[in-house]
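Listing of upload18.pdb; format and content: PDB, C-alpha atoms.
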```
ATOM      1  CA  MET A 569     106.978 102.085  32.711
ATOM      2  CA  ALA A 570     107.231 104.351  35.739
ATOM      3  CA  ILE A 571     106.030 107.900  35.332
ATOM      4  CA  ILE A 572     108.076 110.606  37.013
ATOM      5  CA  THR A 573     106.822 114.089  37.812
ATOM      6  CA  THR A 574     108.630 117.399  37.421
ATOM      7  CA  ARG A 575     108.529 117.915  41.185
ATOM      8  CA  LYS A 576     109.967 114.453  41.901
ATOM      9  CA  LEU A 577     112.751 114.804  39.310
ATOM     10  CA  THR A 578     113.673 118.287  40.564
ATOM     11  CA  GLY A 579     113.936 116.870  44.090
ATOM     12  CA  ILE A 580     116.137 113.986  42.937
ATOM     13  CA  LEU A 581     118.445 116.298  40.969
ATOM     14  CA  ASN A 582     118.733 118.824  43.799
ATOM     15  CA  ALA A 583     119.398 116.066  46.361
ATOM     16  CA  GLY A 584     122.225 114.900  44.078
ATOM     17  CA  GLY A 585     123.775 118.370  44.090
ATOM     18  CA  ILE A 586     122.508 119.344  40.637
ATOM     19  CA  SER A 587     120.965 122.808  40.585
ATOM     20  CA  THR A 588     118.154 123.299  38.095
ATOM     21  CA  LYS A 589     117.911 127.069  38.604
ATOM     22  CA  SER A 590     119.326 127.860  35.151
ATOM     23  CA  TRP A 591     117.267 125.204  33.388
ATOM     24  CA  GLY A 592     114.712 126.750  31.044
ATOM     25  CA  THR A 593     116.783 129.889  30.426
ATOM     26  CA  GLY A 594     118.610 130.703  27.203
ATOM     27  CA  LYS A 595     119.099 127.502  25.195
ATOM     28  CA  ALA A 596     118.708 125.255  28.261
ATOM     29  CA  LYS A 597     115.624 123.081  28.390
ATOM     30  CA  ARG A 598     113.236 122.971  31.357
ATOM     31  CA  VAL A 599     113.033 120.168  33.932
ATOM     32  CA  LYS A 600     109.576 119.487  32.458
ATOM     33  CA  ASP A 601     111.256 118.742  29.089
ATOM     34  CA  LEU A 602     113.523 116.126  30.652
ATOM     35  CA  VAL A 603     110.519 114.596  32.413
ATOM     36  CA  THR A 604     108.788 114.292  29.024
ATOM     37  CA  GLU A 605     111.884 112.584  27.527
ATOM     38  CA  ILE A 606     112.163 110.147  30.446
ATOM     39  CA  ASN A 607     108.476 109.278  30.465
ATOM     40  CA  ALA A 608     108.563 108.739  26.673
ATOM     41  CA  GLY A 609     111.552 106.409  27.009
ATOM     42  CA  GLU A 610     113.830 108.765  25.017
ATOM     43  CA  SER A 611     116.179 109.398  27.959
ATOM     44  CA  HIS A 612     117.244 107.547  31.080
ATOM     45  CA  LEU A 613     118.982 108.726  34.220
ATOM     46  CA  ARG A 614     121.618 106.566  35.824
ATOM     47  CA  ILE A 615     122.626 106.624  39.439
ATOM     48  CA  THR A 616     126.326 106.176  40.150
ATOM     49  CA  ARG A 617     127.873 105.761  43.567
ATOM     50  CA  VAL A 618     131.008 107.902  43.945
ATOM     51  CA  THR A 619     133.486 106.688  46.543
ATOM     52  CA  ARG A 620     136.633 108.636  47.394
ATOM     53  CA  VAL A 621     139.563 106.558  48.649
ATOM     54  CA  VAL A 622     143.127 107.093  49.857
ATOM     55  CA  LYS A 623     145.621 104.393  48.906
ATOM     56  CA  MET A 624     149.002 104.340  50.665
ATOM     57  CA  ILE A 625     152.185 103.045  49.075
ATOM     58  CA  ILE A 626     154.310 102.566  52.199
ATOM     59  CA  THR A 627     158.044 101.921  51.796
ATOM     60  CA  ASP A 628     161.082 101.861  54.063
ATOM     61  CA  ARG A 629     163.254 104.658  52.668
ATOM     62  CA  ASP A 630     166.399 103.288  54.368
ATOM     63  CA  HIS A 631     165.803  99.665  53.282
ATOM     64  CA  PRO A 632     163.975  99.634  49.937
ATOM     65  CA  GLU A 633     164.709  95.914  49.558
ATOM     66  CA  ARG A 634     161.942  95.287  52.120
ATOM     67  CA  GLY A 635     159.448  96.224  49.400
ATOM     68  CA  VAL A 636     156.059  97.670  50.262
ATOM     69  CA  LEU A 637     153.794  97.256  53.265
ATOM     70  CA  LYS A 638     150.567  95.484  52.276
ATOM     71  CA  GLU A 639     147.436  94.481  54.108
ATOM     72  CA  THR A 640     147.620  90.742  53.435
ATOM     73  CA  TRP A 641     144.506  89.526  55.231
ATOM     74  CA  GLN A 642     141.732  90.546  57.569
ATOM     75  CA  ILE A 643     139.440  88.735  59.993
ATOM     76  CA  THR A 644     136.105  90.512  60.311
ATOM     77  CA  SER A 645     134.293  90.972  63.602
ATOM     78  CA  GLY A 646     132.076  88.077  62.444
ATOM     79  CA  GLY A 647     135.101  85.758  62.186
ATOM     80  CA  ILE A 648     135.318  85.700  58.389
ATOM     81  CA  ARG A 649     138.853  85.723  56.950
ATOM     82  CA  ARG A 650     139.249  87.866  53.832
ATOM     83  CA  GLU A 651     142.391  87.767  51.729
ATOM     84  CA  ARG A 652     143.302  91.372  50.913
ATOM     85  CA  ASN A 653     146.827  91.550  49.376
ATOM     86  CA  GLN A 654     146.532  95.282  48.788
ATOM     87  CA  GLU A 655     148.056  98.570  49.820
ATOM     88  CA  PRO A 656     146.545 100.004  52.997
ATOM     89  CA  SER A 657     143.600 102.175  52.041
ATOM     90  CA  GLY A 658     140.502 103.824  53.432
ATOM     91  CA  HIS A 659     137.508 105.942  52.560
ATOM     92  CA  ILE A 660     137.711 109.714  52.449
ATOM     93  CA  GLU A 661     134.892 110.916  54.647
ATOM     94  CA  ASN A 662     133.853 114.592  54.782
ATOM     95  CA  GLU A 663     137.523 115.640  54.753
ATOM     96  CA  SER A 664     140.463 116.371  52.486
ATOM     97  CA  PRO A 665     142.498 113.467  51.076
ATOM     98  CA  GLU A 666     145.469 114.529  53.256
ATOM     99  CA  LYS A 667     143.346 114.503  56.405
ATOM    100  CA  ALA A 668     141.976 111.067  55.457
ATOM    101  CA  LEU A 669     145.558 109.840  54.947
ATOM    102  CA  ARG A 670     146.586 111.020  58.438
ATOM    103  CA  ARG A 671     143.456 109.496  60.003
ATOM    104  CA  GLU A 672     143.911 106.149  58.234
ATOM    105  CA  LEU A 673     147.627 105.934  59.125
ATOM    106  CA  GLU A 674     146.790 106.449  62.790
ATOM    107  CA  GLU A 675     143.748 104.136  62.849
ATOM    108  CA  GLU A 676     145.250 101.335  60.737
ATOM    109  CA  LEU A 677     148.915 101.418  61.739
ATOM    110  CA  GLY A 678     149.187 103.564  64.857
ATOM    111  CA  LEU A 679     151.337 106.143  63.034
ATOM    112  CA  LYS A 680     150.910 109.672  64.334
ATOM    113  CA  VAL A 681     151.790 112.892  62.534
ATOM    114  CA  GLY A 682     155.578 113.211  62.854
ATOM    115  CA  ASP A 683     156.104 109.421  62.582
ATOM    116  CA  TYR A 684     156.275 109.578  58.767
ATOM    117  CA  ASP A 685     156.755 111.721  55.683
ATOM    118  CA  TYR A 686     154.426 111.570  52.713
ATOM    119  CA  HIS A 687     154.110 112.848  49.179
ATOM    120  CA  PRO A 688     150.859 113.056  47.219
ATOM    121  CA  GLY A 689     150.865 110.894  44.100
ATOM    122  CA  SER A 690     148.362 110.451  41.316
ATOM    123  CA  VAL A 691     144.584 110.643  41.397
ATOM    124  CA  THR A 692     142.833 108.047  39.256
ATOM    125  CA  ILE A 693     139.214 107.185  38.536
ATOM    126  CA  GLU A 694     138.073 103.558  38.283
ATOM    127  CA  ASN A 695     134.541 102.818  37.106
ATOM    128  CA  GLN A 696     133.088  99.422  37.963
ATOM    129  CA  GLU A 697     130.095  97.767  39.542
ATOM    130  CA  SER A 698     130.030  98.274  43.282
ATOM    131  CA  ARG A 699     131.255  95.225  45.196
ATOM    132  CA  SER A 700     129.207  96.324  48.215
ATOM    133  CA  PHE A 701     125.991  97.025  46.311
ATOM    134  CA  PRO A 702     125.735  94.615  43.325
ATOM    135  CA  GLY A 703     124.229  96.180  40.229
ATOM    136  CA  LEU A 704     125.030  99.751  41.288
ATOM    137  CA  PRO A 705     127.636 101.472  39.087
ATOM    138  CA  CYS A 706     130.450 102.963  41.146
ATOM    139  CA  SER A 707     133.132 105.492  40.380
ATOM    140  CA  TYR A 708     136.157 105.164  42.681
ATOM    141  CA  GLU A 709     138.250 108.342  42.986
ATOM    142  CA  ILE A 710     141.603 107.022  44.240
ATOM    143  CA  HIS A 711     144.140 109.391  45.798
ATOM    144  CA  LYS A 712     147.552 107.690  46.033
ATOM    145  CA  PHE A 713     150.187 108.758  48.540
ATOM    146  CA  ASP A 714     153.797 107.634  48.955
ATOM    147  CA  VAL A 715     154.398 107.183  52.705
ATOM    148  CA  PHE A 716     157.782 106.824  54.408
ATOM    149  CA  PRO A 717     157.611 105.815  58.100
ATOM    150  CA  HIS A 718     160.502 107.105  60.198
ATOM    151  CA  PRO A 719     163.112 104.704  61.627
ATOM    152  CA  GLY A 720     162.149 103.408  65.043
ATOM    153  CA  THR A 721     158.400 103.264  64.427
ATOM    154  CA  LYS A 722     156.681  99.900  64.995
ATOM    155  CA  VAL A 723     155.920  99.636  61.274
ATOM    156  CA  ILE A 724     159.633  99.861  60.440
ATOM    157  CA  CYS A 725     160.924  97.730  63.324
ATOM    158  CA  ASP A 726     158.662  94.710  62.766
ATOM    159  CA  ASN A 727     158.309  92.416  59.750
ATOM    160  CA  PHE A 728     154.533  92.434  60.200
ATOM    161  CA  ILE A 729     151.930  94.252  62.238
ATOM    162  CA  GLU A 730     148.410  93.348  63.301
ATOM    163  CA  THR A 731     145.851  95.919  64.343
ATOM    164  CA  THR A 732     142.367  95.567  65.808
ATOM    165  CA  GLU A 733     139.648  98.029  64.860
ATOM    166  CA  PRO A 734     136.973  99.143  67.351
ATOM    167  CA  ASP A 735     134.472  96.668  65.821
ATOM    168  CA  GLY A 736     136.896  93.773  66.455
ATOM    169  CA  THR A 737     138.164  93.413  62.871
ATOM    170  CA  VAL A 738     141.815  92.299  62.831
ATOM    171  CA  SER A 739     144.019  93.431  59.936
ATOM    172  CA  HIS A 740     147.414  91.871  59.158
ATOM    173  CA  PHE A 741     150.077  93.930  57.363
ATOM    174  CA  GLU A 742     153.452  92.689  56.185
ATOM    175  CA  TRP A 743     156.380  93.776  54.055
ATOM    176  CA  ILE A 744     156.212  92.258  50.564
ATOM    177  CA  PRO A 745     159.452  92.383  48.516
ATOM    178  CA  ILE A 746     159.199  93.823  45.035
ATOM    179  CA  PRO A 747     160.639  91.434  42.432
ATOM    180  CA  GLN A 748     163.779  92.835  40.843
ATOM    181  CA  VAL A 749     163.599  93.438  37.118
ATOM    182  CA  GLY A 750     166.869  92.818  35.387
TER     183      GLY A 750
END
```
structure tokens encoding of this file:
Amino acid sequence: MAIITTRKLTGILNAGGISTKSWGTGKAKRVKDLVTEINAGESHLRITRVTRVVKMIITDRDHPERGVLKETWQITSGGIRRERNQEPSGHIENESPEKALRRELEEELGLKVGDYDYHPGSVTIENQESRSFPGLPCSYEIHKFDVFPHPGTKVICDNFIETTEPDGTVSHFEWIPIPQVG
């Protein structure tokens, strides 16, 4: 069993954005108390990766029968084809979800501010093992946006669009009809 020190645990907690300044005051226990619990096997700390994502539900407001625009496949810079079949999405970097949306729309689809309208939708949390880092728990904070490209934009005029990222990755997007329920 690994032994952790108070100094090491304080550093880990502070690096993770957890202040321990109030620990040991009032009814709060000290960092040293948590160290004792961990070293005795009474408590465990878990590391969780938190990833913030924007997901775009893109529809043609004038022709809803077209369905939604989806990223159907991608060819990585290494030549590997990955089936995607998902709404366009991207990571939120050190920015607001709205800024990430605008950045992703321009990078992925060439849509500039003024080429579309959007409305914020729901925010959901999905907890699962990271696909990128097997064994690491991950919490995905997903910010959904409804996006409506304006008539005349390439996204609206074409049945599909392919874009190439700076690293050479090619993404293919196409309109997928939504089955009618009736």
Next item on the list: Measuring atom to atom with all atoms listed in the file, identify which of A:Thr644, A:Val622, A:Gly584, A:Arg575 is nearest to Val599 of chain A.
Entry: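 Counting all atoms listed in the file, the residue closest to Val599 of chain A is A:Arg575.
All residues of protein, DNA or RNA that reach within 7 Å of segment 683-692 of chain A, judged by only C-alpha atoms and not counting those fewer than 5 positions away in the chain, are A:Glu709, A:Ile710, A:His711, A:Lys712, A:Phe713, A:Asp714, A:Val715, A:Phe716, A:Pro717, A:His718, A:Thr721.
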Next item on the list: Calculate how many Å separate atom CA of Thr573 of chain A from atom CA of Gly703 of chain A, rounding to one decimal.
Entry: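 Taking atom CA of Thr573 of chain A and atom CA of Gly703 of chain A, their separation equals 25.1 Å.
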Note to self: Expand the PyMOL selection byres ((chain A and resi 577) around 12) into the explicit residue set it covers here, and present it as a VMD selection string.
What the structure shows: chain A and resid 571 to 576 578 to 584 586 to 588 598 to 604 606 to 607 612 to 613
Check: Using only C-alpha atoms, which of the listed residues (A:Asp628, A:Glu639, A:Glu605, A:Glu674) sits closest to Ser739 of chain A?
Finding: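 Looking at the shortest contact to Ser739 of chain A, the residue is A:Glu639.
Distance-wise, atom CA of Thr737 of chain A and atom CA of Gln642 of chain A end up 7.0 Å apart.
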Margin query: I'd like to see the residues matched by the PyMOL selection byres ((chain A and resi 725) around 12) on this file, and ideally I'd get them as a ChimeraX atom specification.
Written below: /A:628,630-631,634,717-724,726-729,742-743
